[in-house]
Amino acid sequence: MSVLKIKEISKIFAGPVRAVDNFSLDVADGELVCLLGPSGSGKSTLLRMVGGFETPTSGVMTIDGEDITHVPPEKRPTGMVFQSHALWTHMNVFKNLAFGLKLRKVAPDEIKRRVDGVLDLVGLNGYGTRHVAQLSGGQQQRVALARSLVLEPKILLLDEPFASLDQHLRERLREEVRDIQQRLKITTLFVTHGQDEALSMADRIVVMRDGKTEQIDRPDIVYREPQTPFVAGFIGTMNLIEGTVSNGIFSKAGYSTPLPVSDGPAILAVRPEALDLSVVTENSQGKVHRVTDYGSHGLVDLELLDSTRIKAMVSHPDLFRAGQGVTLAPRAIAAYRGNAVIHRA
Ligand SMILES: Nc1ncnc2c1ncn2[C@@H]1O[C@H](COP(=O)(O)OP(=O)(O)OP(=O)(O)O)[C@@H](O)[C@H]1O
Ligand SMILES: [Mg+2]
């Protein structure tokens, strides 16, 4: 039963670099929250501050009501798996896991029991005597995870733990980690810049930009109802078309569609899977640039008359060829003005 509260935390590095900017977040008991954002948006810095490896310039953090802002890492009830996992390669798996427990003066038979338990949990039963260098990348990541879990932290902190692994292994491990996290009901903060990872694992996603929160929501909401053009462009594939609205009509280079908002600039957001195309011989709104057949579906890259690039997902890619004229019929759109949503349909 552990709740993490981050209140108005900032970190300013010499430079000055405002890596984390007045950031607040509550992580509920047993919840897994993903911090998602582009490189340099402050994800690792924030996580390192929660783990105690970086000191905040201002702000307060509590775990179960207790102020941990200035508690050293080894005294915090947190366990952290770093972006590049740092296992001790000169020790075997058992010793890697036992190390932290020894520091905490846990009795040897208790150490054995806990290490065996956690190896079982991460699917590495019997690997205790193996040297870390004799393990695959995926196995090493599991040892890194086990090493934080064995200390039974109240809060688990994971910084892109699968970044160095191939796609298949990454998918498998994220399912395993999600299973373990739910079984242990451990409150978790997970950093990634992989949106698939965030969408598939998180109870809630925090989209970060320049050290600030751009949106906090459930994954399906972040995907379906991005609150800003930045989130719209960052999560999944999104066509963002900048144009103007006049008398309820949005237009951009030969393409127009009704948009019931006041006159002015607007950014129209349409997902490739929500855009229907029809091949036409005249009055086209765009031109097919390239067609890619992915087997399960196809992707048509097209250009509006001013060369704006747009993507549309199609179920029959063989119906389209480069150079053909098409018209566009979006089934779901959102529109933004500045940073605000002005329309959704
Ligand atoms: N020790 C440091 N000294 C100075 N600047 C730093 C330091 N650590 C990070 N920064 C800067 O703070 C900003 C945020 O860095 P951070 O590592 O938190 O980003 P990130 O979101 O984790 O990125 P990535 O996805 O690439 O890991 C960056 O501009 C980075 O250059
Ligand atoms: Mg990072």
# chains A, B, ... in the order shown; residues from 1 in each chain; ligands from 1
$ closest_atom_pairs --of "chain A" --to "ligand 2" --cutoff "10 Å" --atoms "only C-alpha atoms and all ligand atoms" --output "Markdown table"
| residue | atom | partner | partner_atom_place_in_ligand_line | distance |
| --- | --- | --- | --- | --- |
| A:Gly37 | CA | ligand 2 | 1 (Mg) | 9.4 |
| A:Pro38 | CA | ligand 2 | 1 (Mg) | 9.1 |
| A:Ser39 | CA | ligand 2 | 1 (Mg) | 6.8 |
| A:Gly40 | CA | ligand 2 | 1 (Mg) | 7.0 |
| A:Ser41 | CA | ligand 2 | 1 (Mg) | 8.2 |
| A:Gly42 | CA | ligand 2 | 1 (Mg) | 7.1 |
| A:Lys43 | CA | ligand 2 | 1 (Mg) | 5.6 |
| A:Ser44 | CA | ligand 2 | 1 (Mg) | 4.1 |
| A:Thr45 | CA | ligand 2 | 1 (Mg) | 7.2 |
| A:Leu46 | CA | ligand 2 | 1 (Mg) | 9.3 |
| A:Leu47 | CA | ligand 2 | 1 (Mg) | 8.8 |
| A:Arg48 | CA | ligand 2 | 1 (Mg) | 9.5 |
| A:Phe82 | CA | ligand 2 | 1 (Mg) | 9.0 |
| A:Gln83 | CA | ligand 2 | 1 (Mg) | 6.6 |
| A:Ser84 | CA | ligand 2 | 1 (Mg) | 9.6 |
| A:Asp159 | CA | ligand 2 | 1 (Mg) | 6.8 |
| A:Glu160 | CA | ligand 2 | 1 (Mg) | 7.3 |
| A:Val191 | CA | ligand 2 | 1 (Mg) | 7.4 |
| A:Thr192 | CA | ligand 2 | 1 (Mg) | 7.8 |
| A:His193 | CA | ligand 2 | 1 (Mg) | 8.4 |
$ write_last_selection --atoms "C-alpha atoms" --output "short mmCIF file (atom, residue, chain, number, x, y, z; two decimals), in the first residue's frame"
data_model
loop_
_atom_site.label_atom_id
_atom_site.label_comp_id
_atom_site.auth_asym_id
_atom_site.auth_seq_id
_atom_site.Cartn_x
_atom_site.Cartn_y
_atom_site.Cartn_z
CA GLY A 37 8.17 12.02 -23.96
CA PRO A 38 10.84 12.83 -26.51
CA SER A 39 14.55 12.66 -25.75
CA GLY A 40 15.56 15.42 -23.34
CA SER A 41 12.05 16.05 -21.99
CA GLY A 42 13.20 15.38 -18.40
CA LYS A 43 11.93 11.82 -17.83
CA SER A 44 15.16 10.36 -16.42
CA THR A 45 15.88 13.46 -14.36
CA LEU A 46 12.46 13.22 -12.74
CA LEU A 47 12.83 9.51 -12.04
CA ARG A 48 16.33 9.99 -10.65
CA PHE A 82 18.44 2.28 -14.79
CA GLN A 83 18.39 3.21 -18.46
CA SER A 84 21.63 1.31 -19.04
CA ASP A 159 14.02 3.90 -16.69
CA GLU A 160 13.68 2.43 -20.18
CA VAL A 191 9.99 5.87 -18.16
CA THR A 192 9.89 5.20 -21.85
CA HIS A 193 9.99 7.02 -25.14
#
$ residues_around --residues "Leu4 in chain A" --least-positions-apart "5" --cutoff "8 Å" --atoms "only C-alpha atoms" --output "count of residues only"
10
$ select_by_dssp --residues "range 225-337 of chain A" --states "strand (DSSP E or B)" --output "VMD selection string"
chain A and resid 239 to 246 249 to 252 255 to 258 264 to 270 275 to 280 286 to 293 298 to 304 309 to 314 325 to 330 334 to 337
$ residues_around --residues "Arg224 in chain A" --least-positions-apart "2" --cutoff "10 Å" --atoms "only C-alpha atoms" --output "list of chain:residue names"
A:Pro219, A:Asp220, A:Ile221, A:Val222, A:Pro226, A:Gln227, A:Ala232, A:Ile235, A:Gly236, A:Arg271, A:Ala332, A:Ala334
$ atom_distance --atom1 "CA of Val122 in chain A" --atom2 "CA of Arg183 in chain A"
11.9 Å
$ residues_around --residues "range 162-168 of chain A" --least-positions-apart "2" --cutoff "8 Å" --atoms "only C-alpha atoms" --output "number ranges by chain"
A: 83-84, 137-138, 141, 160, 170-173
$ residues_around --residues "Ile9 in chain A" --least-positions-apart "6" --cutoff "9 Å" --atoms "only C-alpha atoms" --output "list in words"
Val20, Asp21, Asn22, Phe23, Ser24, Leu46, Met49, Pro56, Thr57, Ser58, Gly59, Val60 and Met61 of chain A
$ residues_around --residues "Pro265 in chain A" --least-positions-apart "4" --cutoff "12 Å" --atoms "only C-alpha atoms" --output "short mmCIF file (atom, residue, chain, number, x, y, z; two decimals) with C-alpha atoms, in the first residue's frame"
data_model
loop_
_atom_site.label_atom_id
_atom_site.label_comp_id
_atom_site.auth_asym_id
_atom_site.auth_seq_id
_atom_site.Cartn_x
_atom_site.Cartn_y
_atom_site.Cartn_z
CA ILE A 241 -2.72 19.74 -41.37
CA GLU A 242 -2.25 23.45 -40.76
CA GLY A 243 -4.82 25.56 -42.57
CA THR A 244 -7.44 28.28 -42.16
CA VAL A 245 -11.12 28.34 -41.31
CA SER A 246 -13.45 30.71 -43.05
CA GLY A 248 -17.22 27.13 -41.21
CA ILE A 249 -14.95 25.64 -43.87
CA PHE A 250 -11.40 24.49 -43.15
CA SER A 251 -9.13 24.68 -46.16
CA LYS A 252 -5.61 23.81 -47.07
CA LEU A 259 -15.33 22.71 -39.50
CA VAL A 261 -15.50 26.87 -35.46
CA ALA A 335 -9.02 20.57 -34.57
CA TYR A 336 -6.62 22.68 -32.55
CA ARG A 337 -5.98 26.38 -32.36
CA GLY A 338 -2.76 27.22 -30.59
CA ASN A 339 -2.48 24.58 -27.87
CA ILE A 342 -11.47 23.65 -30.58
#
$ select_by_dssp --residues "range 136-238 of chain A" --states "helix (DSSP H, G or I)" --output "number ranges by chain"
A: 137-149, 167-184, 195-201, 219-224, 229-234
$ write_last_selection --atoms "N, CA and C atoms" --output "short mmCIF file (atom, residue, chain, number, x, y, z; two decimals), in the first residue's frame"
data_model
loop_
_atom_site.label_atom_id
_atom_site.label_comp_id
_atom_site.auth_asym_id
_atom_site.auth_seq_id
_atom_site.Cartn_x
_atom_site.Cartn_y
_atom_site.Cartn_z
N GLY A 137 20.93 -10.65 -23.20
CA GLY A 137 20.49 -9.30 -22.85
C GLY A 137 19.19 -9.29 -22.09
N GLY A 138 18.24 -10.12 -22.53
CA GLY A 138 16.93 -10.17 -21.87
C GLY A 138 17.04 -10.73 -20.46
N GLN A 139 17.90 -11.74 -20.31
CA GLN A 139 18.10 -12.32 -18.97
C GLN A 139 18.76 -11.30 -18.04
N GLN A 140 19.70 -10.53 -18.59
CA GLN A 140 20.35 -9.51 -17.78
C GLN A 140 19.35 -8.45 -17.30
N GLN A 141 18.43 -8.08 -18.19
CA GLN A 141 17.41 -7.12 -17.80
C GLN A 141 16.53 -7.68 -16.67
N ARG A 142 16.25 -8.98 -16.77
CA ARG A 142 15.45 -9.60 -15.70
C ARG A 142 16.20 -9.62 -14.38
N VAL A 143 17.52 -9.83 -14.44
CA VAL A 143 18.33 -9.79 -13.21
C VAL A 143 18.28 -8.37 -12.63
N ALA A 144 18.39 -7.36 -13.53
CA ALA A 144 18.35 -5.97 -13.06
C ALA A 144 17.01 -5.69 -12.37
N LEU A 145 15.94 -6.21 -12.95
CA LEU A 145 14.62 -6.03 -12.34
C LEU A 145 14.55 -6.77 -11.01
N ALA A 146 15.05 -8.02 -11.00
CA ALA A 146 15.04 -8.82 -9.78
C ALA A 146 15.83 -8.14 -8.67
N ARG A 147 16.94 -7.49 -9.07
CA ARG A 147 17.78 -6.85 -8.07
C ARG A 147 17.05 -5.71 -7.37
N SER A 148 16.18 -5.01 -8.09
CA SER A 148 15.41 -3.99 -7.36
C SER A 148 14.24 -4.58 -6.60
N LEU A 149 13.63 -5.64 -7.16
CA LEU A 149 12.47 -6.23 -6.49
C LEU A 149 12.84 -6.93 -5.18
N GLN A 167 12.87 -6.00 -30.58
CA GLN A 167 11.42 -5.78 -30.52
C GLN A 167 10.65 -6.93 -29.84
N HIS A 168 10.97 -8.19 -30.24
CA HIS A 168 10.25 -9.35 -29.71
C HIS A 168 10.42 -9.49 -28.21
N LEU A 169 11.69 -9.41 -27.80
CA LEU A 169 12.03 -9.57 -26.40
C LEU A 169 11.41 -8.45 -25.58
N ARG A 170 11.42 -7.25 -26.16
CA ARG A 170 10.86 -6.10 -25.48
C ARG A 170 9.38 -6.32 -25.19
N GLU A 171 8.68 -6.82 -26.21
CA GLU A 171 7.25 -7.06 -26.04
C GLU A 171 6.99 -8.12 -24.97
N ARG A 172 7.82 -9.18 -25.00
CA ARG A 172 7.61 -10.24 -24.02
C ARG A 172 7.89 -9.74 -22.62
N LEU A 173 9.01 -9.03 -22.45
CA LEU A 173 9.39 -8.55 -21.12
C LEU A 173 8.40 -7.54 -20.58
N ARG A 174 7.84 -6.71 -21.45
CA ARG A 174 6.90 -5.74 -20.90
C ARG A 174 5.63 -6.42 -20.40
N GLU A 175 5.24 -7.50 -21.06
CA GLU A 175 4.11 -8.28 -20.53
C GLU A 175 4.46 -8.90 -19.19
N GLU A 176 5.68 -9.46 -19.11
CA GLU A 176 6.11 -10.09 -17.86
C GLU A 176 6.18 -9.08 -16.72
N VAL A 177 6.75 -7.91 -17.02
CA VAL A 177 6.88 -6.89 -15.98
C VAL A 177 5.50 -6.43 -15.52
N ARG A 178 4.60 -6.25 -16.48
CA ARG A 178 3.24 -5.83 -16.13
C ARG A 178 2.59 -6.89 -15.22
N ASP A 179 2.78 -8.19 -15.57
CA ASP A 179 2.24 -9.27 -14.75
C ASP A 179 2.78 -9.22 -13.33
N ILE A 180 4.12 -9.11 -13.23
CA ILE A 180 4.77 -9.09 -11.92
C ILE A 180 4.28 -7.88 -11.13
N GLN A 181 4.22 -6.74 -11.80
CA GLN A 181 3.80 -5.50 -11.14
C GLN A 181 2.38 -5.64 -10.59
N GLN A 182 1.51 -6.29 -11.36
CA GLN A 182 0.13 -6.43 -10.91
C GLN A 182 0.00 -7.48 -9.81
N ARG A 183 0.82 -8.53 -9.93
CA ARG A 183 0.79 -9.57 -8.90
C ARG A 183 1.25 -9.01 -7.56
N LEU A 184 2.33 -8.23 -7.60
CA LEU A 184 2.87 -7.65 -6.36
C LEU A 184 2.12 -6.38 -5.96
N GLN A 195 6.07 4.69 -27.41
CA GLN A 195 4.64 4.88 -27.14
C GLN A 195 3.89 3.55 -27.05
N ASP A 196 4.33 2.53 -27.80
CA ASP A 196 3.67 1.22 -27.70
C ASP A 196 3.77 0.69 -26.29
N GLU A 197 4.98 0.85 -25.72
CA GLU A 197 5.25 0.39 -24.37
C GLU A 197 4.28 1.07 -23.40
N ALA A 198 4.17 2.39 -23.53
CA ALA A 198 3.30 3.15 -22.63
C ALA A 198 1.84 2.76 -22.84
N LEU A 199 1.43 2.66 -24.09
CA LEU A 199 0.02 2.36 -24.36
C LEU A 199 -0.36 0.98 -23.85
N SER A 200 0.58 0.01 -23.92
CA SER A 200 0.22 -1.35 -23.56
C SER A 200 0.38 -1.63 -22.07
N MET A 201 1.21 -0.86 -21.37
CA MET A 201 1.49 -1.21 -19.97
C MET A 201 0.80 -0.34 -18.94
N PRO A 219 -4.34 5.50 -21.13
CA PRO A 219 -3.77 5.35 -22.47
C PRO A 219 -4.80 5.54 -23.60
N ASP A 220 -5.98 4.96 -23.44
CA ASP A 220 -6.97 5.07 -24.53
C ASP A 220 -7.41 6.51 -24.74
N ILE A 221 -7.46 7.28 -23.65
CA ILE A 221 -7.86 8.69 -23.77
C ILE A 221 -6.74 9.49 -24.44
N VAL A 222 -5.51 9.22 -24.02
CA VAL A 222 -4.38 9.93 -24.63
C VAL A 222 -4.37 9.68 -26.14
N TYR A 223 -4.69 8.44 -26.52
CA TYR A 223 -4.68 8.10 -27.95
C TYR A 223 -5.87 8.72 -28.68
N ARG A 224 -7.04 8.62 -28.07
CA ARG A 224 -8.26 9.07 -28.76
C ARG A 224 -8.52 10.56 -28.63
N PRO A 229 -1.78 19.67 -29.90
CA PRO A 229 -1.21 19.17 -31.16
C PRO A 229 0.07 18.37 -30.92
N PHE A 230 0.84 18.75 -29.88
CA PHE A 230 2.06 18.01 -29.58
C PHE A 230 1.74 16.56 -29.23
N VAL A 231 0.78 16.34 -28.33
CA VAL A 231 0.40 14.98 -27.95
C VAL A 231 -0.17 14.25 -29.17
N ALA A 232 -0.98 14.95 -29.94
CA ALA A 232 -1.57 14.35 -31.15
C ALA A 232 -0.48 13.85 -32.08
N GLY A 233 0.57 14.64 -32.25
CA GLY A 233 1.63 14.26 -33.16
C GLY A 233 2.58 13.24 -32.57
N PHE A 234 2.61 13.14 -31.24
CA PHE A 234 3.60 12.29 -30.58
C PHE A 234 3.10 10.86 -30.38
#
$ closest_residue --among "A:Val150, A:Asn125, A:Val81, A:Ala133" --to "Gly100 in chain A" --atoms "only C-alpha atoms"
A:Val150
$ closest_residue --among "A:Leu299, A:Ala322, A:Val132, A:Met208" --to "ligand 1" --atoms "only C-alpha atoms and all ligand atoms"
A:Met208
$ closest_residue --among "A:Cys34, A:Ala202, A:Leu151, A:Met80" --to "Leu101 in chain A" --atoms "only C-alpha atoms"
A:Leu151
$ closest_residue --among "A:Asp203, A:Glu74, A:Asp116, A:Glu110" --to "Pro153 in chain A" --atoms "only C-alpha atoms"
A:Glu74
$ atom_distance --atom1 "atom 31 (O, counted along the ligand's line) of ligand 1" --atom2 "CA of Arg18 in chain A"
9.3 Å
